[in-house]
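Participant: Below is the file structure-v2.txt, with compact mmCIF, C-alpha atoms.
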# COMPACT_ATOMS: atom_id res chain seq x y z
CA MET E 27 87.81 -201.97 -60.23
CA ALA E 28 84.55 -200.45 -59.08
CA PRO E 29 82.86 -198.10 -61.61
CA ALA E 30 83.18 -195.17 -59.21
CA LEU E 31 86.97 -195.60 -59.19
CA GLN E 32 87.52 -195.96 -62.91
CA GLY E 33 89.76 -193.35 -64.51
CA LEU E 34 91.29 -192.22 -61.21
CA GLN E 35 95.08 -192.12 -60.76
CA PRO E 36 97.26 -192.73 -57.68
CA CYS E 37 97.04 -190.11 -54.96
CA PRO E 38 100.22 -187.97 -54.52
CA SER E 39 100.30 -188.72 -50.80
CA GLY E 40 101.18 -192.35 -51.48
CA ARG E 41 103.95 -193.98 -53.48
CA GLN E 42 103.25 -195.59 -56.82
CA GLY E 43 101.46 -198.87 -56.34
CA GLN E 44 101.45 -198.65 -52.54
CA GLY E 45 98.94 -197.51 -49.98
CA GLN E 46 101.15 -195.46 -47.66
CA SER E 47 100.06 -194.10 -44.32
CA SER E 48 99.43 -190.34 -44.16
CA PRO E 49 98.95 -188.04 -41.12
CA TRP E 50 95.20 -188.59 -41.55
CA GLY E 51 95.25 -192.36 -42.01
CA ARG E 52 96.01 -194.81 -44.79
CA CYS E 53 95.94 -193.25 -48.28
CA CYS E 54 93.33 -194.47 -50.74
CA ARG E 55 95.89 -194.16 -53.61
CA LEU E 56 93.75 -191.81 -55.73
CA ARG E 57 95.45 -188.81 -57.36
CA ALA E 58 92.44 -186.63 -58.23
CA LEU E 59 91.85 -184.99 -54.85
CA GLN E 60 88.36 -183.80 -55.69
CA ARG E 61 87.33 -187.45 -56.16
CA CYS E 62 89.67 -188.95 -53.59
CA SER E 63 88.28 -190.76 -50.57
CA CYS E 64 91.10 -189.53 -48.32
CA PRO E 65 89.94 -187.51 -45.27
CA VAL E 66 88.98 -183.87 -45.85
CA PRO E 67 92.17 -182.33 -44.30
CA LEU E 68 94.29 -184.04 -46.98
CA ALA E 69 92.05 -182.86 -49.79
CA LEU E 70 92.11 -179.25 -48.55
CA SER E 71 95.84 -179.02 -47.86
CA PRO E 72 98.04 -177.12 -50.39
CA ALA E 73 99.35 -179.30 -53.19
CA ALA E 74 103.05 -180.09 -53.05
CA CYS E 75 105.36 -179.82 -56.04
CA VAL E 76 106.02 -183.33 -57.32
CA LEU E 77 109.67 -182.45 -58.01
CA CYS E 78 110.80 -180.60 -54.86
CA HIS E 79 108.05 -181.91 -52.55
CA ARG E 80 107.41 -178.44 -51.08
CA THR E 81 103.95 -177.01 -50.55
CA GLU E 82 105.52 -173.58 -49.90
CA ALA E 83 108.69 -172.35 -51.59
CA ASP E 84 110.28 -169.01 -52.42
CA PRO E 85 108.64 -167.91 -55.69
CA ASP E 86 111.76 -165.92 -56.59
CA ILE E 87 113.72 -169.17 -56.64
CA CYS E 88 111.16 -171.76 -57.73
CA GLY E 89 108.75 -169.64 -59.76
CA ASP E 90 104.99 -169.99 -59.86
CA LYS E 91 103.25 -173.23 -58.99
CA LEU E 92 101.45 -174.93 -61.88
CA GLU E 93 98.59 -177.37 -61.35
CA LYS E 94 97.27 -179.33 -64.30
CA PHE E 95 96.45 -182.91 -65.27
CA GLY E 96 96.47 -183.89 -61.59
CA LEU E 97 100.09 -182.74 -61.27
CA CYS E 98 101.61 -179.83 -59.38
CA ALA E 99 105.07 -178.42 -60.05
CA HIS E 100 107.00 -175.17 -59.81
CA VAL E 101 108.02 -173.63 -63.13
CA PHE E 102 111.75 -173.64 -62.41
CA CYS E 103 111.66 -177.07 -60.78
CA LEU E 104 110.57 -178.26 -64.22
CA TYR E 105 113.23 -176.35 -66.14
CA PHE E 106 116.11 -177.28 -63.85
CA ALA E 107 115.26 -181.00 -63.60
CA THR E 108 118.35 -182.42 -65.30
CA LEU E 109 116.84 -185.46 -66.95
CA LEU E 110 113.38 -184.05 -67.67
CA PRO E 111 112.94 -183.30 -71.41
CA GLN E 112 110.70 -180.54 -72.74
CA ARG E 113 109.06 -182.27 -75.69
CA GLY E 114 105.97 -180.16 -76.37
CA SER E 115 105.06 -176.56 -77.02
CA GLU E 116 104.42 -174.21 -74.09
CA ARG E 117 100.71 -175.02 -74.31
CA ALA E 118 101.26 -178.77 -74.02
CA GLY E 119 101.42 -180.34 -70.58
CA LEU E 120 103.03 -178.04 -68.00
CA MET E 121 105.00 -175.44 -69.96
CA GLY E 122 105.85 -178.05 -72.58
CA PHE E 123 106.75 -180.79 -70.08
CA LEU E 124 104.47 -183.75 -70.72
CA PRO E 125 102.74 -185.48 -67.76
CA ARG E 126 104.19 -188.91 -68.58
CA ASP E 127 107.72 -187.46 -68.63
CA ILE E 128 107.16 -185.70 -65.31
CA LEU E 129 105.87 -188.87 -63.65
CA PHE E 130 108.81 -190.85 -65.05
CA GLU E 131 111.22 -188.25 -63.67
CA VAL E 132 109.53 -188.43 -60.25
CA ARG E 133 110.02 -192.19 -60.13
CA ARG E 134 113.63 -191.90 -61.25
CA ALA E 135 114.39 -189.11 -58.74
CA ALA E 136 113.15 -191.29 -55.87
CA GLU E 137 116.53 -193.03 -56.02
CA GLN E 138 118.55 -189.79 -55.80
CA HIS E 139 119.27 -188.10 -52.47
CA CYS E 140 119.79 -184.37 -52.04
CA CYS E 141 123.33 -183.42 -51.03
CA VAL E 142 121.91 -180.60 -48.88
CA CYS E 143 118.90 -181.98 -47.00
CA GLY E 144 119.61 -185.69 -47.45
CA GLN E 145 116.05 -186.45 -48.58
CA SER E 146 115.25 -188.47 -51.68
CA GLY E 147 113.61 -187.07 -54.79
CA ALA E 148 116.43 -184.76 -55.90
CA THR E 149 116.07 -183.88 -59.59
CA ILE E 150 118.95 -181.44 -60.20
CA LEU E 151 122.44 -182.78 -60.97
CA CYS E 152 125.57 -180.63 -60.87
CA CYS E 153 126.63 -180.09 -64.48
CA GLU E 154 130.33 -180.47 -63.68
CA GLU E 155 131.64 -183.59 -65.39
CA ASN E 156 132.01 -186.60 -63.07
CA CYS E 157 130.23 -184.81 -60.21
CA GLY E 158 127.40 -186.91 -58.88
CA LYS E 159 125.80 -184.43 -56.47
CA TRP E 160 122.03 -184.01 -56.71
CA PHE E 161 119.85 -181.46 -54.94
CA HIS E 162 116.35 -179.97 -54.78
CA LEU E 163 115.87 -176.47 -56.18
CA PRO E 164 114.67 -174.97 -52.83
CA CYS E 165 117.76 -176.47 -51.16
CA ALA E 166 120.18 -174.73 -53.54
CA LYS E 167 120.39 -171.51 -51.55
CA GLU E 168 120.90 -173.27 -48.23
CA GLY E 169 123.60 -175.49 -49.73
CA GLY E 170 125.45 -172.72 -51.56
CA CYS E 171 124.53 -174.08 -55.00
CA VAL E 172 124.14 -171.92 -58.11
CA ASN E 173 121.54 -172.10 -60.88
CA HIS E 174 121.66 -170.18 -64.15
CA TYR E 175 118.18 -168.86 -64.89
CA ILE E 176 118.78 -168.72 -68.63
CA THR E 177 118.92 -171.38 -71.31
CA PRO E 178 120.21 -174.09 -70.97
CA TYR E 179 119.44 -173.83 -67.21
CA ARG E 180 122.69 -175.19 -65.83
CA SER E 181 123.20 -175.97 -62.15
CA PHE E 182 126.29 -176.26 -59.97
CA CYS E 183 126.88 -177.73 -56.52
CA SER E 184 128.69 -175.72 -53.85
CA GLU E 185 132.03 -177.26 -54.81
CA HIS E 186 131.86 -176.45 -58.52
CA ARG E 187 129.83 -173.24 -58.55
CA PRO E 188 131.30 -170.19 -60.35
CA HIS E 189 133.14 -167.55 -58.33
CA GLN E 190 133.65 -163.86 -58.95
CA ASP E 191 137.07 -163.20 -60.47
CA VAL E 192 138.02 -160.05 -58.59
CA GLN E 193 140.99 -159.52 -56.27
CA VAL E 194 139.42 -157.15 -53.76
CA THR E 195 138.14 -157.35 -50.21
CA PRO E 196 135.68 -155.04 -48.47
CA ALA E 197 137.07 -152.37 -46.19
CA PRO E 198 136.28 -152.72 -42.47
CA GLY E 199 132.77 -151.57 -41.71
CA THR E 200 131.57 -151.78 -45.33
CA GLU E 201 127.78 -151.74 -45.54
CA CYS E 202 125.41 -153.13 -48.13
CA PRO E 203 123.99 -150.11 -50.04
CA ILE E 204 120.58 -151.79 -50.18
CA CYS E 205 119.88 -152.79 -46.57
CA MET E 206 122.64 -150.64 -44.95
CA GLU E 207 123.74 -153.60 -42.84
CA PRO E 208 127.42 -154.69 -42.62
CA VAL E 209 128.68 -157.28 -45.12
CA GLU E 210 131.16 -160.06 -44.42
CA ASP E 211 134.86 -159.23 -44.36
CA ARG E 212 135.49 -161.26 -47.54
CA MET E 213 133.77 -162.41 -50.68
CA SER E 214 131.54 -165.44 -50.19
CA TYR E 215 128.38 -167.06 -51.49
CA ARG E 216 126.29 -164.59 -49.48
CA THR E 217 128.49 -161.52 -50.00
CA MET E 218 129.05 -160.25 -53.54
CA VAL E 219 130.70 -157.28 -55.24
CA CYS E 220 129.99 -155.29 -58.41
CA PRO E 221 132.49 -156.44 -61.09
CA ALA E 222 132.46 -153.00 -62.74
CA CYS E 223 133.31 -150.59 -59.90
CA GLN E 224 134.47 -153.23 -57.38
CA ARG E 225 133.35 -150.86 -54.62
CA ALA E 226 129.72 -151.86 -54.13
CA TRP E 227 129.44 -154.82 -51.76
CA PHE E 228 126.03 -156.33 -51.10
CA HIS E 229 124.27 -159.37 -49.71
CA ARG E 230 123.03 -162.00 -52.15
CA ASP E 231 119.51 -161.78 -50.72
CA CYS E 232 119.51 -157.98 -51.11
CA ILE E 233 120.64 -157.97 -54.73
CA GLN E 234 118.21 -160.78 -55.47
CA GLY E 235 115.36 -158.68 -54.15
CA GLN E 236 116.48 -155.71 -56.23
CA ALA E 237 116.66 -157.89 -59.36
CA MET E 238 113.09 -159.09 -58.87
CA ARG E 239 111.81 -155.54 -58.38
CA ALA E 240 113.84 -153.88 -61.15
CA GLY E 241 113.60 -156.53 -63.85
CA LEU E 242 116.18 -156.98 -66.58
CA LEU E 243 115.59 -153.56 -68.14
CA CYS E 244 116.38 -151.57 -64.98
CA PHE E 245 118.67 -153.90 -63.02
CA GLN E 246 122.00 -152.18 -62.32
CA CYS E 247 124.71 -151.76 -59.72
CA PRO E 248 123.24 -149.81 -56.79
CA LEU E 249 126.42 -147.71 -56.60
CA CYS E 250 128.00 -147.16 -60.04
CA ARG E 251 124.81 -147.86 -62.06
CA ASP E 252 126.60 -150.19 -64.47
CA SER E 253 123.99 -152.30 -66.24
CA GLU E 254 125.92 -154.51 -68.64
CA GLU E 255 128.91 -156.20 -67.03
CA PHE E 256 127.04 -156.14 -63.73
CA VAL E 257 123.93 -157.90 -65.04
CA VAL E 258 125.89 -160.60 -66.89
CA GLN E 259 127.95 -161.33 -63.78
CA MET E 260 124.90 -161.53 -61.53
CA ILE E 261 123.20 -164.00 -63.88
CA ILE E 262 126.35 -166.15 -63.92
CA MET E 263 126.41 -166.04 -60.11
CA GLY E 264 122.87 -167.43 -59.97
CA ILE E 265 120.73 -164.31 -59.52
CA PRO E 266 117.37 -164.72 -61.30
CA VAL E 267 116.60 -161.55 -63.27
CA PRO E 268 113.08 -161.51 -64.76
CA PHE E 269 112.64 -159.99 -68.21
CA ARG E 270 109.93 -157.41 -67.52
CA LEU E 271 109.37 -153.79 -66.56
CA PRO E 272 110.20 -152.76 -62.97
CA THR E 273 107.49 -153.26 -60.39
CA TRP E 274 107.39 -149.55 -59.63
CA GLU E 275 105.89 -149.01 -63.09
CA ASP E 276 103.10 -151.53 -62.52
CA ASN E 277 99.48 -150.39 -62.59
CA ASP E 278 100.41 -146.94 -63.96
CA ALA E 279 101.90 -145.99 -60.61
CA PHE E 280 103.34 -142.77 -62.07
CA ALA E 281 100.47 -141.88 -64.38
CA ASP E 282 99.80 -138.71 -62.36
CA LEU E 283 103.18 -137.31 -63.43
CA GLY E 284 101.96 -137.13 -67.01
CA GLU E 285 98.83 -135.12 -66.19
CA ARG E 286 98.77 -131.44 -67.11
CA HIS E 287 97.82 -128.90 -64.46
CA SER E 288 94.30 -127.68 -65.28
CA GLN E 289 93.29 -125.12 -62.67
CA CYS E 290 93.52 -121.36 -62.34
CA ASN E 291 95.51 -120.42 -59.25
CA ALA E 292 94.95 -116.67 -59.35
CA ARG E 293 93.92 -115.14 -56.03
CA GLU E 294 90.59 -114.22 -57.56
CA CYS E 295 89.42 -116.23 -60.56
CA LEU E 296 87.16 -114.14 -62.80
CA TYR E 297 86.02 -116.86 -65.16
CA PRO E 298 82.25 -117.48 -64.82
CA GLY E 299 82.77 -121.22 -65.28
CA GLY E 300 85.12 -121.47 -62.30
CA ARG E 301 88.78 -122.31 -61.74
CA GLU E 302 88.53 -125.80 -63.26
CA GLU E 303 87.30 -124.56 -66.64
CA ALA E 304 89.17 -122.87 -69.48
CA GLU E 305 88.92 -122.10 -73.19
CA GLU E 306 91.29 -122.99 -76.01
CA GLU E 307 92.18 -119.36 -76.74
CA GLY E 308 91.22 -115.80 -75.86
CA PRO E 309 91.04 -114.15 -72.42
CA TRP E 310 90.02 -117.40 -70.74
CA GLU E 311 92.91 -119.48 -72.07
CA LEU E 312 94.80 -121.18 -69.25
CA LEU E 313 98.54 -120.48 -69.13
CA LEU E 314 100.86 -122.62 -67.01
CA CYS E 315 103.92 -121.37 -65.18
CA SER E 316 106.81 -121.58 -67.65
CA SER E 317 109.18 -122.68 -64.86
CA CYS E 318 107.31 -125.24 -62.77
CA ALA E 319 104.08 -125.90 -64.69
CA ALA E 320 102.51 -126.57 -61.29
CA GLU E 321 100.32 -123.47 -61.26
CA GLY E 322 98.16 -121.77 -63.88
CA THR E 323 96.09 -118.73 -64.57
CA HIS E 324 93.52 -117.47 -67.05
CA ARG E 325 94.91 -114.59 -69.09
CA ARG E 326 92.30 -112.13 -67.78
CA CYS E 327 92.70 -113.27 -64.16
CA SER E 328 96.32 -112.09 -64.23
CA GLY E 329 95.88 -109.22 -66.68
CA LEU E 330 97.77 -110.95 -69.52
CA GLY E 331 97.13 -109.82 -73.08
CA ASN E 332 96.92 -112.09 -76.09
CA HIS E 333 100.46 -111.08 -77.14
CA ILE E 334 102.01 -112.62 -74.01
CA ASP E 335 103.19 -116.18 -74.56
CA SER E 336 104.70 -117.03 -71.16
CA TRP E 337 103.96 -116.45 -67.51
CA GLU E 338 105.55 -117.38 -64.17
CA CYS E 339 103.81 -117.98 -60.88
CA ASP E 340 104.69 -115.84 -57.87
CA SER E 341 106.85 -118.57 -56.33
CA CYS E 342 109.05 -119.02 -59.40
CA ALA E 343 109.24 -115.35 -60.31
CA GLY E 344 110.39 -114.54 -56.78
CA LEU E 345 113.26 -117.04 -57.10
CA GLY E 346 114.58 -115.31 -60.21
CA THR E 347 114.34 -118.36 -62.41
CA GLY E 348 113.78 -116.18 -65.47
CA MET E 349 111.07 -116.27 -68.11
CA ARG E 350 110.70 -119.15 -70.52
CA GLN E 351 108.94 -119.10 -73.83
CA SER E 352 106.94 -122.30 -73.44
CA THR E 353 103.74 -122.44 -71.41
CA TRP E 354 103.79 -126.24 -71.32
CA VAL E 355 106.58 -128.21 -69.71
CA SER E 356 106.35 -131.56 -71.44
CA LEU E 357 107.63 -134.86 -70.21
CA VAL E 358 110.03 -135.88 -72.95
CA TRP E 359 110.87 -139.47 -73.83
CA GLY E 360 113.40 -140.75 -71.35
CA GLN E 361 112.19 -138.54 -68.47
CA CYS E 362 108.66 -139.81 -68.03
CA PRO E 363 107.36 -143.08 -66.57
CA GLY E 364 108.09 -145.92 -68.91
CA TRP E 365 111.69 -144.89 -69.61
CA ALA E 366 112.69 -148.51 -69.08
CA TRP E 367 111.41 -149.32 -72.54
CA GLN E 368 114.39 -147.43 -73.95
CA ARG E 369 116.74 -149.92 -72.31
CA LEU E 370 115.96 -152.56 -74.91
CA SER E 371 119.26 -153.20 -76.65
CA ALA E 372 119.66 -153.31 -80.38
CA PRO E 373 119.74 -156.78 -82.02
CA GLY E 374 123.20 -158.26 -81.72
CA GLY E 375 123.92 -156.53 -78.41
CA MET E 376 124.57 -158.05 -74.99
CA TRP E 377 120.99 -159.29 -74.47
CA ALA E 378 120.98 -160.91 -77.90
CA GLN E 379 124.04 -162.92 -76.86
CA LEU E 380 122.30 -164.11 -73.69
CA TRP E 381 118.96 -164.89 -75.37
CA PRO E 382 119.58 -165.51 -79.10
CA GLY E 383 115.90 -166.13 -79.89
CA LEU E 384 114.48 -163.16 -78.01
CA PRO E 385 111.93 -161.10 -80.00
CA TRP E 386 113.22 -157.78 -78.69
CA ALA E 387 110.12 -155.69 -79.02
CA LEU E 388 107.67 -158.01 -77.30
CA ARG E 389 109.14 -160.75 -75.10
CA GLY E 390 108.22 -160.63 -71.46
CA PHE E 391 105.37 -158.13 -71.91
Would you give me this structure, written as structure tokens?
Facilitator:
Amino acid sequence: MAPALQGLQPCPSGRQGQGQSSPWGRCCRLRALQRCSCPVPLALSPAACVLCHRTEADPDICGDKLEKFGLCAHVFCLYFATLLPQRGSERAGLMGFLPRDILFEVRRAAEQHCCVCGQSGATILCCEENCGKWFHLPCAKEGGCVNHYITPYRSFCSEHRPHQDVQVTPAPGTECPICMEPVEDRMSYRTMVCPACQRAWFHRDCIQGQAMRAGLLCFQCPLCRDSEEFVVQMIIMGIPVPFRLPTWEDNDAFADLGERHSQCNARECLYPGGREEAEEEGPWELLLCSSCAAEGTHRRCSGLGNHIDSWECDSCAGLGTGMRQSTWVSLVWGQCPGWAWQRLSAPGGMWAQLWPGLPWALRGF
């Protein structure tokens, strides 16, 4: 082999040991695209997952795409591959899946055809005994297959997938409470019901979207708000529920709610420093409305003596809300942004049964 080609591995656009034709000509059989002699369009195209062969896939279903050691694979394509062992720590290989094991699985999967799309390279086998149906992870939804996104990552074909054990049917004209569109007239793969209240009917895609936005700590029935039986059932039915805070608490989206009002709203502010300034005590101490805490005043600006501990703005006083003793309406734990942290169950609870090794105070954050 020429010195310039030493150390290079087969290109993913060609089969092992063969120079296959690609849309841009015959492949040079080099894996490392940055050193590959294939035409530029091939080198610049998005890398395909070696397990599902998709360059683009739903990240809610397949997870993030990992690229390392000249390999590219979706996180959940790795975890759901039936015969792919996870031998290393999470820092080894791709999430603990070693490159040699991944390549061996790719060669083995070339002989298995997907029961949904009919293409070769299927890596997921239905876990039902004596069932020989294989499929790709992105094909699962189209084929009505179910995957459990918790250890040990079991998968079921459309014939052997779990079903909801409820004896109810939706009333005519029942709408999904998430998208407000009609649901099917019976339970199906795409139409589901809350096992707790048995009154909330929703589309699989809708509840999947809610699960991804809410996260495990805030995921609940959109109607009855049940968060235990509901969550367990959804996981069994193949809904991925990420263990993290809800997306609406990302980037301190509600940080403004925790800020204290700091301006004098009197018609004429007498403080020489202006409305935005105040002192800790004395005539220029800033008092907040004891009812709404949305307006404030310096004591002197409203003629309040040092013996007065509470004050109400004109809007609240006119509504007859009554005087309160506190001049500071605090956001107590459970009412402020970040309340989802309280949803962490005690050790031994429902989440401990689903994830026995979960370090409850830290995992997922």
Participant: Please provide as a list in words all residues within 9 Å of Cys232 (chain E), with the sequence filter that same-chain residues fewer than 5 positions apart are discarded (counting only C-alpha atoms).
Facilitator: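 Answer for this query is Cys202, Ile204, Cys205 and Ala237 of chain E.
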Participant: When you draw a straight line from CA of Phe102 (chain E) to CA of Gln246 (chain E), how long is it in Å?
Facilitator: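 Atom-to-atom, CA of Phe102 (chain E) and CA of Gln246 (chain E) are spaced 23.8 Å apart.
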Participant: Counting only C-alpha atoms, figure out which residue out of E:Phe182, E:Glu210, E:Glu311, E:Asp278 gets nearest to Gly331 (chain E).
Facilitator: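 When distances to Gly331 (chain E) are compared using only C-alpha atoms, the smallest one comes from E:Glu311.
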Participant: Within 12 Å of (121.3, -173.8, -72.3) (coordinates as in the file), grab all the protein and nucleic acid residues, counting only C-alpha atoms, and write them out as a list of chain:residue names.
Facilitator: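 Residues close enough to count: E:Tyr105, E:Phe106, E:Thr108, E:Cys153, E:Asn173, E:His174, E:Tyr175, E:Ile176, E:Thr177, E:Pro178, E:Tyr179, E:Arg180, E:Ser181, E:Leu380, E:Trp381, E:Pro382.
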Participant: Taking all atoms listed in the file into account, name the residue in E:Ile150, E:Cys342, E:Leu330, E:Ile265 that is nearest to Cys315 (chain E).
Facilitator: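 Distance minimum relative to Cys315 (chain E) lands on E:Cys342.
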Participant: Please provide the set of residues having any atom within 10 Å of Glu154 (chain E), restricted to all atoms listed in the file, with same-chain residues fewer than 3 positions apart removed, written as a ChimeraX atom specification.
Facilitator: /E:151,157-159,180-183,185-187
Participant: Quick one: distance from CA of Cys247 (chain E) to CA of Gly284 (chain E) in Å, one decimal?
Facilitator: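 Answer for the CA of Cys247 (chain E) to CA of Gly284 (chain E) separation: 28.0 Å.
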Participant: Tell me which of E:Met260, E:Ala320, E:Ala304, E:Leu312 sits closest to Glu285 (chain E), counting all atoms listed in the file.
Facilitator: E:Ala320
